[in-house]
>>> print(open('query_10.pdb').read())   # PDB, C-alpha atoms and all ligand atoms
ATOM      1  CA  MET A   1      58.870 -79.010 -69.650
ATOM      2  CA  GLU A   2      61.868 -81.283 -69.367
ATOM      3  CA  ILE A   3      63.042 -83.000 -72.544
ATOM      4  CA  VAL A   4      64.999 -86.203 -72.067
ATOM      5  CA  ILE A   5      66.638 -87.484 -75.242
ATOM      6  CA  HIS A   6      68.220 -90.920 -75.372
ATOM      7  CA  ASP A   7      69.038 -93.246 -78.248
ATOM      8  CA  SER A   8      67.808 -96.347 -76.423
ATOM      9  CA  ALA A   9      64.063 -96.896 -76.137
ATOM     10  CA  ALA A  10      64.720 -99.350 -73.298
ATOM     11  CA  GLU A  11      66.627 -96.728 -71.313
ATOM     12  CA  LEU A  12      63.838 -94.181 -71.870
ATOM     13  CA  ALA A  13      61.367 -96.752 -70.588
ATOM     14  CA  ARG A  14      63.528 -97.388 -67.498
ATOM     15  CA  MET A  15      63.665 -93.677 -66.691
ATOM     16  CA  ALA A  16      59.907 -93.309 -67.153
ATOM     17  CA  ALA A  17      59.321 -96.440 -65.039
ATOM     18  CA  ASP A  18      61.424 -94.857 -62.283
ATOM     19  CA  VAL A  19      58.984 -91.943 -62.191
ATOM     20  CA  ILE A  20      56.006 -94.299 -61.893
ATOM     21  CA  GLU A  21      57.738 -96.471 -59.289
ATOM     22  CA  GLU A  22      58.466 -93.437 -57.136
ATOM     23  CA  VAL A  23      54.761 -92.479 -57.179
ATOM     24  CA  VAL A  24      53.690 -96.055 -56.428
ATOM     25  CA  ARG A  25      56.126 -96.421 -53.526
ATOM     26  CA  ASN A  26      55.571 -93.025 -51.942
ATOM     27  CA  ASN A  27      51.793 -92.681 -51.985
ATOM     28  CA  GLU A  28      49.234 -94.385 -49.806
ATOM     29  CA  SER A  29      46.712 -94.654 -52.633
ATOM     30  CA  PRO A  30      48.410 -93.694 -55.885
ATOM     31  CA  VAL A  31      46.336 -92.898 -58.937
ATOM     32  CA  LEU A  32      47.968 -93.809 -62.229
ATOM     33  CA  GLY A  33      46.920 -92.421 -65.592
ATOM     34  CA  LEU A  34      47.495 -95.059 -68.267
ATOM     35  CA  ALA A  35      47.801 -94.567 -72.019
ATOM     36  CA  THR A  36      47.300 -97.158 -74.711
ATOM     37  CA  GLY A  37      49.182 -97.167 -78.018
ATOM     38  CA  SER A  38      52.547 -98.729 -78.761
ATOM     39  CA  SER A  39      54.746 -95.954 -77.316
ATOM     40  CA  PRO A  40      54.206 -96.728 -73.600
ATOM     41  CA  LEU A  41      54.546-100.516 -74.035
ATOM     42  CA  PRO A  42      58.246-100.627 -73.037
ATOM     43  CA  ILE A  43      57.321 -98.752 -69.823
ATOM     44  CA  TYR A  44      54.672-101.359 -69.011
ATOM     45  CA  THR A  45      57.104-104.182 -69.808
ATOM     46  CA  GLU A  46      59.617-102.669 -67.401
ATOM     47  CA  LEU A  47      57.014-102.144 -64.654
ATOM     48  CA  ILE A  48      55.789-105.735 -65.055
ATOM     49  CA  ARG A  49      59.404-106.898 -64.733
ATOM     50  CA  ARG A  50      59.861-104.847 -61.559
ATOM     51  CA  HIS A  51      56.636-106.321 -60.183
ATOM     52  CA  LYS A  52      57.715-109.890 -60.920
ATOM     53  CA  GLU A  53      61.411-109.656 -60.131
ATOM     54  CA  GLU A  54      61.674-106.877 -57.577
ATOM     55  CA  GLY A  55      58.361-107.162 -55.748
ATOM     56  CA  LEU A  56      57.026-103.753 -56.810
ATOM     57  CA  SER A  57      53.384-103.914 -55.741
ATOM     58  CA  PHE A  58      50.492-102.043 -57.327
ATOM     59  CA  ALA A  59      47.893-103.495 -54.951
ATOM     60  CA  HIS A  60      47.146-100.077 -53.457
ATOM     61  CA  CYS A  61      46.820 -98.290 -56.841
ATOM     62  CA  THR A  62      43.877 -97.050 -58.843
ATOM     63  CA  ALA A  63      44.223 -96.506 -62.583
ATOM     64  CA  PHE A  64      42.357 -94.542 -65.240
ATOM     65  CA  THR A  65      42.903 -94.984 -68.955
ATOM     66  CA  LEU A  66      42.855 -91.898 -71.139
ATOM     67  CA  ASP A  67      40.245 -92.878 -73.656
ATOM     68  CA  GLU A  68      37.988 -95.496 -75.204
ATOM     69  CA  TYR A  69      36.495 -96.164 -78.612
ATOM     70  CA  VAL A  70      32.757 -95.665 -78.914
ATOM     71  CA  GLY A  71      30.682 -98.617 -79.986
ATOM     72  CA  LEU A  72      33.022-101.578 -79.642
ATOM     73  CA  PRO A  73      31.188-104.438 -77.920
ATOM     74  CA  ALA A  74      32.305-105.333 -74.373
ATOM     75  CA  GLY A  75      35.221-107.725 -74.543
ATOM     76  CA  HIS A  76      36.362-106.553 -78.002
ATOM     77  CA  PRO A  77      40.138-107.119 -77.975
ATOM     78  CA  GLU A  78      40.828-103.631 -79.375
ATOM     79  CA  SER A  79      38.694-101.817 -76.815
ATOM     80  CA  TYR A  80      41.099 -99.893 -74.605
ATOM     81  CA  TYR A  81      39.424-101.563 -71.589
ATOM     82  CA  GLU A  82      40.828-104.891 -72.862
ATOM     83  CA  VAL A  83      44.052-103.529 -74.323
ATOM     84  CA  ILE A  84      45.268-102.003 -71.045
ATOM     85  CA  ARG A  85      44.492-105.264 -69.244
ATOM     86  CA  ASN A  86      46.253-107.434 -71.803
ATOM     87  CA  GLU A  87      49.278-105.221 -72.046
ATOM     88  CA  PHE A  88      49.698-104.163 -68.452
ATOM     89  CA  THR A  89      47.278-104.482 -65.576
ATOM     90  CA  ARG A  90      46.583-108.216 -65.860
ATOM     91  CA  HIS A  91      50.292-108.842 -65.306
ATOM     92  CA  ILE A  92      50.574-106.911 -62.051
ATOM     93  CA  ASP A  93      48.703-107.108 -58.743
ATOM     94  CA  ILE A  94      46.415-104.083 -59.139
ATOM     95  CA  ASP A  95      42.777-104.782 -58.221
ATOM     96  CA  ASP A  96      41.010-105.161 -61.588
ATOM     97  CA  ALA A  97      37.945-103.364 -60.215
ATOM     98  CA  ARG A  98      40.125-100.292 -59.715
ATOM     99  CA  VAL A  99      41.178-100.033 -63.380
ATOM    100  CA  PHE A 100      38.769 -97.628 -65.034
ATOM    101  CA  SER A 101      38.081 -96.669 -68.652
ATOM    102  CA  PRO A 102      35.567 -94.222 -70.077
ATOM    103  CA  ASP A 103      32.218 -95.757 -70.971
ATOM    104  CA  GLY A 104      32.122 -96.194 -74.743
ATOM    105  CA  ASN A 105      28.592 -97.588 -74.848
ATOM    106  CA  PRO A 106      26.627 -95.490 -77.397
ATOM    107  CA  ASP A 107      23.451 -95.770 -75.278
ATOM    108  CA  THR A 108      24.960 -93.983 -72.296
ATOM    109  CA  ILE A 109      27.511 -91.838 -74.094
ATOM    110  CA  ALA A 110      25.857 -88.498 -73.308
ATOM    111  CA  THR A 111      26.943 -88.618 -69.669
ATOM    112  CA  ALA A 112      30.116 -90.692 -70.049
ATOM    113  CA  GLY A 113      32.487 -87.736 -69.876
ATOM    114  CA  GLU A 114      30.947 -86.138 -66.850
ATOM    115  CA  ARG A 115      30.884 -89.480 -65.011
ATOM    116  CA  TYR A 116      34.509 -90.169 -65.839
ATOM    117  CA  ASP A 117      35.774 -86.776 -64.684
ATOM    118  CA  ALA A 118      33.781 -87.233 -61.458
ATOM    119  CA  ALA A 119      35.351 -90.668 -60.889
ATOM    120  CA  ILE A 120      38.863 -89.274 -61.340
ATOM    121  CA  LYS A 121      38.072 -86.481 -58.882
ATOM    122  CA  GLU A 122      36.592 -88.923 -56.394
ATOM    123  CA  ALA A 123      39.800 -90.989 -56.526
ATOM    124  CA  GLY A 124      41.786 -87.872 -55.620
ATOM    125  CA  GLY A 125      43.070 -86.959 -59.090
ATOM    126  CA  VAL A 126      45.780 -88.562 -61.189
ATOM    127  CA  ASP A 127      49.255 -88.550 -59.606
ATOM    128  CA  VAL A 128      51.158 -89.419 -62.745
ATOM    129  CA  GLN A 129      49.792 -89.539 -66.266
ATOM    130  CA  ILE A 130      51.561 -91.536 -68.970
ATOM    131  CA  LEU A 131      51.024 -90.122 -72.465
ATOM    132  CA  GLY A 132      51.923 -90.879 -76.053
ATOM    133  CA  ILE A 133      51.420 -88.521 -78.972
ATOM    134  CA  GLY A 134      49.746 -89.151 -82.317
ATOM    135  CA  SER A 135      51.488 -88.280 -85.567
ATOM    136  CA  ASP A 136      49.145 -85.286 -85.929
ATOM    137  CA  GLY A 137      49.981 -84.039 -82.425
ATOM    138  CA  HIS A 138      46.948 -85.474 -80.650
ATOM    139  CA  ILE A 139      47.158 -86.678 -77.077
ATOM    140  CA  ALA A 140      44.644 -89.244 -75.853
ATOM    141  CA  PHE A 141      42.026 -88.744 -78.589
ATOM    142  CA  ASN A 142      42.074 -84.948 -78.484
ATOM    143  CA  GLU A 143      42.353 -84.306 -82.172
ATOM    144  CA  PRO A 144      43.672 -81.029 -83.641
ATOM    145  CA  GLY A 145      41.243 -78.240 -82.812
ATOM    146  CA  SER A 146      40.398 -79.636 -79.369
ATOM    147  CA  SER A 147      39.773 -76.941 -76.812
ATOM    148  CA  LEU A 148      42.794 -76.516 -74.591
ATOM    149  CA  ARG A 149      40.463 -76.610 -71.572
ATOM    150  CA  SER A 150      38.280 -79.476 -72.754
ATOM    151  CA  ARG A 151      36.828 -82.051 -70.364
ATOM    152  CA  THR A 152      36.228 -85.736 -71.009
ATOM    153  CA  ARG A 153      33.819 -86.005 -73.941
ATOM    154  CA  ILE A 154      33.121 -87.670 -77.252
ATOM    155  CA  LYS A 155      35.399 -86.756 -80.176
ATOM    156  CA  THR A 156      35.293 -87.620 -83.868
ATOM    157  CA  LEU A 157      38.523 -89.286 -84.965
ATOM    158  CA  THR A 158      40.441 -87.803 -87.885
ATOM    159  CA  ASN A 159      41.058 -89.904 -90.965
ATOM    160  CA  GLN A 160      44.770 -89.809 -90.112
ATOM    161  CA  THR A 161      44.167 -91.325 -86.653
ATOM    162  CA  ARG A 162      41.855 -93.969 -88.084
ATOM    163  CA  GLU A 163      44.507 -94.850 -90.684
ATOM    164  CA  ASP A 164      47.229 -94.955 -87.989
ATOM    165  CA  ASN A 165      45.109 -97.264 -85.835
ATOM    166  CA  ALA A 166      43.816 -99.450 -88.684
ATOM    167  CA  ARG A 167      46.763-101.791 -88.068
ATOM    168  CA  PHE A 168      44.972-103.086 -84.970
ATOM    169  CA  PHE A 169      41.778-103.931 -86.882
ATOM    170  CA  ASP A 170      40.971-106.126 -89.883
ATOM    171  CA  SER A 171      40.359-103.059 -92.034
ATOM    172  CA  ILE A 172      40.045 -99.290 -91.677
ATOM    173  CA  ASP A 173      36.268 -99.662 -91.933
ATOM    174  CA  ASP A 174      36.335-101.469 -88.592
ATOM    175  CA  VAL A 175      38.048 -98.571 -86.796
ATOM    176  CA  PRO A 176      35.390 -96.695 -84.828
ATOM    177  CA  ILE A 177      34.734 -93.130 -85.889
ATOM    178  CA  HIS A 178      34.208 -91.774 -82.393
ATOM    179  CA  ALA A 179      35.987 -92.049 -79.072
ATOM    180  CA  VAL A 180      35.443 -90.809 -75.527
ATOM    181  CA  THR A 181      38.595 -89.100 -74.372
ATOM    182  CA  GLN A 182      39.842 -87.284 -71.328
ATOM    183  CA  GLY A 183      39.914 -83.617 -72.284
ATOM    184  CA  LEU A 184      43.064 -81.539 -72.433
ATOM    185  CA  GLY A 185      41.853 -79.674 -69.340
ATOM    186  CA  THR A 186      41.299 -83.004 -67.582
ATOM    187  CA  ILE A 187      44.785 -84.233 -68.495
ATOM    188  CA  LEU A 188      46.341 -80.976 -67.298
ATOM    189  CA  GLU A 189      44.977 -81.684 -63.810
ATOM    190  CA  ALA A 190      47.258 -84.701 -63.376
ATOM    191  CA  LYS A 191      50.121 -83.831 -61.037
ATOM    192  CA  HIS A 192      52.860 -85.063 -63.347
ATOM    193  CA  LEU A 193      52.714 -85.701 -67.095
ATOM    194  CA  VAL A 194      55.138 -88.242 -68.558
ATOM    195  CA  LEU A 195      55.047 -88.369 -72.356
ATOM    196  CA  ILE A 196      57.018 -90.887 -74.386
ATOM    197  CA  ALA A 197      57.552 -90.667 -78.148
ATOM    198  CA  THR A 198      59.842 -92.752 -80.317
ATOM    199  CA  GLY A 199      60.551 -93.033 -84.040
ATOM    200  CA  ALA A 200      60.792 -90.633 -86.950
ATOM    201  CA  GLY A 201      57.021 -90.653 -87.435
ATOM    202  CA  LYS A 202      56.690 -88.581 -84.262
ATOM    203  CA  ALA A 203      59.400 -85.990 -85.037
ATOM    204  CA  GLU A 204      57.095 -83.321 -86.427
ATOM    205  CA  ALA A 205      54.503 -83.757 -83.679
ATOM    206  CA  VAL A 206      57.211 -83.592 -80.996
ATOM    207  CA  ALA A 207      58.716 -80.431 -82.516
ATOM    208  CA  ASN A 208      55.298 -78.754 -82.630
ATOM    209  CA  MET A 209      54.468 -79.870 -79.096
ATOM    210  CA  VAL A 210      57.715 -78.678 -77.537
ATOM    211  CA  GLU A 211      58.794 -75.714 -79.632
ATOM    212  CA  GLY A 212      55.713 -74.709 -81.593
ATOM    213  CA  PRO A 213      53.165 -72.189 -80.404
ATOM    214  CA  LEU A 214      50.581 -73.181 -77.807
ATOM    215  CA  ALA A 215      47.752 -73.960 -80.168
ATOM    216  CA  SER A 216      44.829 -76.337 -80.343
ATOM    217  CA  VAL A 217      45.988 -77.350 -83.819
ATOM    218  CA  CYS A 218      48.708 -79.277 -81.965
ATOM    219  CA  PRO A 219      46.898 -80.585 -78.859
ATOM    220  CA  GLY A 220      50.195 -81.863 -77.398
ATOM    221  CA  SER A 221      51.383 -78.264 -77.092
ATOM    222  CA  VAL A 222      49.092 -77.994 -74.074
ATOM    223  CA  LEU A 223      51.932 -79.618 -72.113
ATOM    224  CA  GLN A 224      53.563 -76.176 -72.249
ATOM    225  CA  LEU A 225      50.949 -75.090 -69.700
ATOM    226  CA  HIS A 226      51.768 -77.822 -67.186
ATOM    227  CA  ASN A 227      54.140 -77.174 -64.313
ATOM    228  CA  ARG A 228      55.542 -80.706 -64.338
ATOM    229  CA  ALA A 229      55.816 -82.356 -67.713
ATOM    230  CA  THR A 230      58.610 -84.742 -68.664
ATOM    231  CA  VAL A 231      59.016 -85.711 -72.303
ATOM    232  CA  PHE A 232      61.068 -88.823 -73.083
ATOM    233  CA  VAL A 233      62.122 -89.045 -76.743
ATOM    234  CA  ASP A 234      64.578 -91.058 -78.771
ATOM    235  CA  ASN A 235      66.910 -89.423 -81.285
ATOM    236  CA  ALA A 236      64.559 -90.061 -84.204
ATOM    237  CA  ALA A 237      61.585 -88.436 -82.470
ATOM    238  CA  ALA A 238      63.821 -85.541 -81.370
ATOM    239  CA  ALA A 239      65.057 -84.899 -84.917
ATOM    240  CA  GLY A 240      62.851 -81.838 -85.484
ATOM    241  CA  LEU A 241      63.852 -80.066 -82.245
ATOM    242  CA  GLU A 242      66.031 -76.979 -82.495
ATOM    243  CA  HIS A 243      67.286 -76.685 -78.947
ATOM    244  CA  VAL A 244      68.599 -80.199 -78.403
ATOM    245  CA  GLU A 245      71.897 -78.997 -76.995
ATOM    246  CA  TYR A 246      70.130 -77.035 -74.274
ATOM    247  CA  TYR A 247      67.840 -79.940 -73.380
ATOM    248  CA  ASN A 248      70.812 -82.286 -73.096
ATOM    249  CA  THR A 249      72.812 -79.795 -71.057
ATOM    250  CA  SER A 250      69.888 -79.294 -68.675
ATOM    251  CA  ILE A 251      69.671 -83.016 -68.033
ATOM    252  CA  GLU A 252      73.452 -83.333 -67.576
ATOM    253  CA  ARG A 253      73.426 -80.436 -65.124
ATOM    254  CA  LYS A 254      70.300 -81.542 -63.312
ATOM    255  CA  PRO A 255      70.916 -81.238 -59.572
ATOM    256  CA  GLU A 256      71.358 -84.622 -57.908
ATOM    257  CA  TRP A 257      68.425 -84.031 -55.531
ATOM    258  CA  GLN A 258      66.024 -82.963 -58.283
ATOM    259  CA  LYS A 259      64.050 -85.826 -59.687
ATOM    260  CA  PHE A 260      61.999 -85.894 -62.856
TER
HETATM  261  C1  LIG B   1      46.027 -93.444 -80.040
HETATM  262  C2  LIG B   1      45.816 -93.190 -78.548
HETATM  263  C3  LIG B   1      46.818 -92.202 -77.984
HETATM  264  C4  LIG B   1      48.215 -92.565 -78.448
HETATM  265  C5  LIG B   1      48.291 -92.533 -79.949
HETATM  266  C6  LIG B   1      49.672 -92.850 -80.480
HETATM  267  O1  LIG B   1      45.395 -92.525 -80.842
HETATM  268  N1  LIG B   1      44.494 -92.727 -78.261
HETATM  269  O2  LIG B   1      46.743 -92.204 -76.567
HETATM  270  O3  LIG B   1      49.143 -91.649 -77.899
HETATM  271  O4  LIG B   1      47.380 -93.509 -80.444
HETATM  272  O5  LIG B   1      49.866 -94.226 -80.500
HETATM  273  P1  LIG B   1      51.239 -94.939 -80.731
HETATM  274  O6  LIG B   1      51.987 -94.807 -79.434
HETATM  275  O7  LIG B   1      50.888 -96.357 -81.023
HETATM  276  O8  LIG B   1      51.912 -94.244 -81.842
END
>>> encode(input="query_10.pdb", output="structure tokens", more="lines below")
Ligand code: GLP
Amino acid sequence: MEIVIHDSAAELARMAADVIEEVVRNNESPVLGLATGSSPLPIYTELIRRHKEEGLSFAHCTAFTLDEYVGLPAGHPESYYEVIRNEFTRHIDIDDARVFSPDGNPDTIATAGERYDAAIKEAGGVDVQILGIGSDGHIAFNEPGSSLRSRTRIKTLTNQTREDNARFFDSIDDVPIHAVTQGLGTILEAKHLVLIATGAGKAEAVANMVEGPLASVCPGSVLQLHNRATVFVDNAAAAGLEHVEYYNTSIERKPEWQKF
């Protein structure tokens, strides 16, 4: 795992956008893994800017979101299907039909996970997966206790996650209680994981993810099993890390030819 600490959220977003741009430019049919939540927004803003100002094209890309609430009606502005379009894909030239989300329809939920994993496989697997982390250490909607090898499936949201996400709804009662989420095993199959976390509210989760034991109680710790995981954090989110000096030294001494 590489830990990149920087005090500017904009600079972190630029570095993460460089990783995505590299994948987009150097693959014939790149598959992007997209996360919702506020953490990746500066990355999307930067990629939209590069599309508009520098001609970066996403026309040959396919994208898969990480997760979806169960039971929100089609077109609901807080469904992740809509959120990813409003915040990112509608502003670039990706084919809308190639932006996929798990099926959160309660009537067909039983097979939603299996179908989603099959679609990712069919597309050739995710080349680069953007991730955020919840304050309780969850990634996507894999709440604490999620099997480290889990596949895409329905999960019950914790009260903490529902409280954290209540800001997007009129009241906490409107936050769905279930979600369909890529499993930790599914996420681990992406070729490169790029996680971004900013703000003091993420410090404990980041410390547990990076330096805690590999344990399902902190689902983010599963990144320790991946051979290519890059974690972009600001100083506030890095505040609980013990080995900051080593992480900074590693980045300073990173060989010129070695990219993230
Ligand atoms: C939600 C999403 C996660 C996201 C998390 C943190 O629970 N399912 O993918 O990482 O929120 O969101 P934020 O970046 O807004 O703190």
>>> resolve_selection(input="query_10.pdb", expression="the PyMOL selection byres (((not hetatm)) within 6 of (chain B and resi 1))", output="ChimeraX atom specification")
/A:35-39,131-134,139-141
>>> resolve_selection(input="query_10.pdb", expression="the PyMOL selection byres (((chain A and resi 112-119) around 6) and not hetatm)", output="mmCIF file with C-alpha atoms, in the coordinates of the input")
data_model
loop_
_atom_site.group_PDB
_atom_site.id
_atom_site.type_symbol
_atom_site.label_atom_id
_atom_site.label_comp_id
_atom_site.auth_asym_id
_atom_site.auth_seq_id
_atom_site.Cartn_x
_atom_site.Cartn_y
_atom_site.Cartn_z
ATOM 1 C CA PRO A 102 35.567 -94.222 -70.077
ATOM 2 C CA ASP A 103 32.218 -95.757 -70.971
ATOM 3 C CA ILE A 109 27.511 -91.838 -74.094
ATOM 4 C CA ALA A 110 25.857 -88.498 -73.308
ATOM 5 C CA THR A 111 26.943 -88.618 -69.669
ATOM 6 C CA ILE A 120 38.863 -89.274 -61.340
ATOM 7 C CA LYS A 121 38.072 -86.481 -58.882
ATOM 8 C CA GLU A 122 36.592 -88.923 -56.394
ATOM 9 C CA THR A 152 36.228 -85.736 -71.009
ATOM 10 C CA ARG A 153 33.819 -86.005 -73.941
#
>>> resolve_selection(input="query_10.pdb", expression="the PyMOL selection byres (((chain A and resi 14) around 12) and not hetatm)", output="list in words")
His6, Ser8, Ala9, Ala10, Glu11, Leu12, Ala13, Met15, Ala16, Ala17, Asp18, Val19, Ile20, Glu21, Pro40, Leu41, Pro42, Ile43, Tyr44, Thr45, Glu46, Leu47, Ile48, Arg49, Arg50, Ile196 and Phe232 of chain A
>>> residues_around(input="query_10.pdb", residues="Ala200 (chain A)", least_positions_apart="3", cutoff="7 Å", atoms="all atoms listed in the file", output="list of chain:residue names")
A:Ala203, A:Ala236, A:Ala237
>>> closest_residue(input="query_10.pdb", among="A:Leu148, A:Val222, A:Val180, A:Cys61", to="Glu28 (chain A)", atoms="all atoms listed in the file")
A:Cys61
>>> closest_residue(input="query_10.pdb", among="A:Ile177, A:Met1, A:Val99, A:Leu157", to="Asp136 (chain A)", atoms="only C-alpha atoms")
A:Leu157
>>> atom_distance(input="query_10.pdb", atom1="CA of Tyr80 (chain A)", atom2="CA of Thr62 (chain A)")
16.3 Å
>>> closest_residue(input="query_10.pdb", among="A:Ser57, A:Asn208, A:Asn86, A:Ser101", to="Gly220 (chain A)", atoms="only C-alpha atoms")
A:Asn208
>>> decode(input="query_10.pdb", residues="region 25-41 of chain A", atoms="N, CA, C and O atoms", output="mmCIF file, in the first residue's frame")
data_model
loop_
_atom_site.group_PDB
_atom_site.id
_atom_site.type_symbol
_atom_site.label_atom_id
_atom_site.label_comp_id
_atom_site.auth_asym_id
_atom_site.auth_seq_id
_atom_site.Cartn_x
_atom_site.Cartn_y
_atom_site.Cartn_z
ATOM 1 N N ARG A 25 -6.017 6.772 -21.014
ATOM 2 C CA ARG A 25 -5.225 6.997 -22.234
ATOM 3 C C ARG A 25 -4.557 5.733 -22.756
ATOM 4 O O ARG A 25 -4.320 5.605 -23.946
ATOM 5 N N ASN A 26 -4.220 4.816 -21.840
ATOM 6 C CA ASN A 26 -3.385 3.686 -22.267
ATOM 7 C C ASN A 26 -4.117 2.359 -22.434
ATOM 8 O O ASN A 26 -3.482 1.328 -22.592
ATOM 9 N N ASN A 27 -5.433 2.390 -22.369
ATOM 10 C CA ASN A 27 -6.199 1.159 -22.566
ATOM 11 C C ASN A 27 -7.167 1.335 -23.721
ATOM 12 O O ASN A 27 -7.731 2.411 -23.898
ATOM 13 N N GLU A 28 -7.354 0.233 -24.458
ATOM 14 C CA GLU A 28 -8.299 0.298 -25.574
ATOM 15 C C GLU A 28 -9.740 0.426 -25.075
ATOM 16 O O GLU A 28 -10.539 1.171 -25.624
ATOM 17 N N SER A 29 -10.076 -0.360 -24.058
ATOM 18 C CA SER A 29 -11.423 -0.253 -23.486
ATOM 19 C C SER A 29 -11.327 -0.273 -21.963
ATOM 20 O O SER A 29 -11.562 -1.298 -21.327
ATOM 21 N N PRO A 30 -10.956 0.864 -21.398
ATOM 22 C CA PRO A 30 -10.757 0.938 -19.948
ATOM 23 C C PRO A 30 -12.049 0.745 -19.174
ATOM 24 O O PRO A 30 -13.114 1.187 -19.612
ATOM 25 N N VAL A 31 -11.918 0.097 -18.029
ATOM 26 C CA VAL A 31 -13.070 -0.078 -17.143
ATOM 27 C C VAL A 31 -12.773 0.666 -15.844
ATOM 28 O O VAL A 31 -11.815 0.360 -15.142
ATOM 29 N N LEU A 32 -13.619 1.656 -15.568
ATOM 30 C CA LEU A 32 -13.415 2.487 -14.381
ATOM 31 C C LEU A 32 -14.375 2.065 -13.279
ATOM 32 O O LEU A 32 -15.558 1.825 -13.538
ATOM 33 N N GLY A 33 -13.884 2.001 -12.067
ATOM 34 C CA GLY A 33 -14.733 1.730 -10.912
ATOM 35 C C GLY A 33 -14.978 3.053 -10.208
ATOM 36 O O GLY A 33 -14.035 3.717 -9.774
ATOM 37 N N LEU A 34 -16.237 3.455 -10.118
ATOM 38 C CA LEU A 34 -16.562 4.782 -9.577
ATOM 39 C C LEU A 34 -17.211 4.677 -8.199
ATOM 40 O O LEU A 34 -18.059 3.812 -7.976
ATOM 41 N N ALA A 35 -16.814 5.579 -7.312
ATOM 42 C CA ALA A 35 -17.405 5.620 -5.972
ATOM 43 C C ALA A 35 -18.240 6.882 -5.845
ATOM 44 O O ALA A 35 -17.910 7.923 -6.421
ATOM 45 N N THR A 36 -19.302 6.796 -5.083
ATOM 46 C CA THR A 36 -20.062 7.992 -4.739
ATOM 47 C C THR A 36 -19.552 8.492 -3.385
ATOM 48 O O THR A 36 -18.546 8.009 -2.890
ATOM 49 N N GLY A 37 -20.242 9.436 -2.790
ATOM 50 C CA GLY A 37 -19.760 10.036 -1.544
ATOM 51 C C GLY A 37 -19.039 11.330 -1.876
ATOM 52 O O GLY A 37 -18.734 11.610 -3.043
ATOM 53 N N SER A 38 -18.766 12.126 -0.852
ATOM 54 C CA SER A 38 -18.165 13.440 -1.117
ATOM 55 C C SER A 38 -16.659 13.363 -1.356
ATOM 56 O O SER A 38 -16.099 14.217 -2.044
ATOM 57 N N SER A 39 -15.986 12.334 -0.827
ATOM 58 C CA SER A 39 -14.521 12.295 -0.936
ATOM 59 C C SER A 39 -13.999 12.319 -2.373
ATOM 60 O O SER A 39 -13.050 13.049 -2.661
ATOM 61 N N PRO A 40 -14.589 11.531 -3.301
ATOM 62 C CA PRO A 40 -14.017 11.536 -4.661
ATOM 63 C C PRO A 40 -14.428 12.734 -5.512
ATOM 64 O O PRO A 40 -13.925 12.884 -6.628
ATOM 65 N N LEU A 41 -15.315 13.602 -5.006
ATOM 66 C CA LEU A 41 -15.817 14.698 -5.852
ATOM 67 C C LEU A 41 -14.712 15.564 -6.465
ATOM 68 O O LEU A 41 -14.780 15.894 -7.654
#
